[in-house]
Protein chains: 2
Amino acid sequence: MSASFATPPKPPYYAVIFSSLRTDQGDDAYGEAAARMVELAAQQPGYLGVESTRGADGFGITVSYWIDEASILGWKRNLEHTAIRERGRKEWYQQFELRVAKVERAYGWSRSDAPRSPVHE
Amino acid sequence: MSASFATPPKPPYYAVIFSSLRTDQGDDAYGEAAARMVELAAQQPGYLGVESTRGADGFGITVSYWIDEASILGWKRNLEHTAIRERGRKEWYQQFELRVAKVERAYGWSRSDAPRSPVHE
């Protein structure tokens with residue numbers, strides 16, 4: 001996935017923080033499955049976006065954003081998602097931690113929005 | 001930082017999700033500052049751990065975990081942290097998003113904990 005920020009609305013909303021360590025097997029299939037999961041999640045009701053990255057050491061963090069807990073449960077129960085999760089445990093992950101959290105405040109900053117140096121008028 | 005999972009206690013606790021896109025300048029100074037921030041955060045009251053990763057594309061996610069909102073505010077007000085944040089805006093970040101969230105549920109899985117294949121006895 002390319003480097004991109006999610007753009008959920010103002011809080012409150014929910015975040016699923018998924019931290020994982022990859023095994024060293026199945027890179028191609030894993031890449032395909034990861035892309036498919038993003039595509040599939042985006043079709044779920046209540047989906048607000050995703051941010052994801054993985055370092056060269058195999059440790060990665062994916063945060064998906066959702067309107068409410070019911071949406072997260074709907075995504076968890078998606079059949080294709082369930083099948084892929086099963087494969088993740090068998091082949092792709094050494095370890096993972098999943099945390100469901102309610103986003104209460106958010107703050108963003110972008111260089112392009114930053115004020116320029118003062119100009120003497 | 002090496003690939004490692006945080007080990008906070010059972011929820012509820014708080015997460016600060018910091019997603020960022022690096023500029024292409026100052027890699028050495030940034031690396032030093034990032035390591036120093038981890039060291040400094042670990043000395044803050046209420047700190048429960050951190051998970052962090054950045055891909056080759058410059059997009060990174062750091063999630064730090066805290067006992068409560070007061071701890072997060074204490075960390076925000078830390079003077080050295082404030083100075084480093086200022087430098088981050090000036091030099092190291094193209095964009096960032098910061099979200100404060102209350103972790104309500106957590107689930108972990110590790111290959112070493114998984115049941116082995118059935119053995120015929």
# chains A, B, ... in the order shown; residues from 1 in each chain; ligands from 1

call {"tool": "residues_around", "arguments": {"residues": "Asp113 of chain B", "least_positions_apart": "4", "cutoff": "12 Å", "atoms": "only C-alpha atoms", "output": "PyMOL selection string"}}
result
(chain A and resi 89+94-96) or (chain B and resi 108-109)

call {"tool": "calpha_fit_rmsd", "arguments": {"fixed": "chain B", "moving": "chain A"}}
result
0.2 Å

call {"tool": "interface_residues", "arguments": {"of": "chain B", "to": "chain A", "cutoff": "10 Å", "atoms": "only C-alpha atoms", "output": "PyMOL selection string"}}
result
chain B and resi 1-7+11-21+23+51-63+89-91+93-114

call {"tool": "select_by_dssp", "arguments": {"residues": "segment 20-113 of chain A", "states": "helix (DSSP H, G or I)", "output": "PyMOL selection string"}}
result
chain A and resi 27-41+69-77+79-92+111-113

call {"tool": "select_by_dssp", "arguments": {"residues": "chain B", "states": "strand (DSSP E or B)", "output": "ChimeraX atom specification"}}
result
/B:13-22,47-54,59-66,93-110

call {"tool": "closest_residue", "arguments": {"among": "B:Lys10, B:Asp27, B:Ile84, B:Glu39", "to": "Ile67 of chain B", "atoms": "only C-alpha atoms"}}
result
B:Lys10

call {"tool": "residues_around", "arguments": {"residues": "Met37 of chain A", "least_positions_apart": "4", "cutoff": "12 Å", "atoms": "only C-alpha atoms", "output": "PyMOL selection string"}}
result
chain A and resi 1+30-33+41-44+50+52+62+64+75-76+78-85+88

call {"tool": "atom_distance", "arguments": {"atom1": "atom CA of Gly49 of chain B", "atom2": "atom CA of Pro8 of chain B"}}
result
6.5 Å
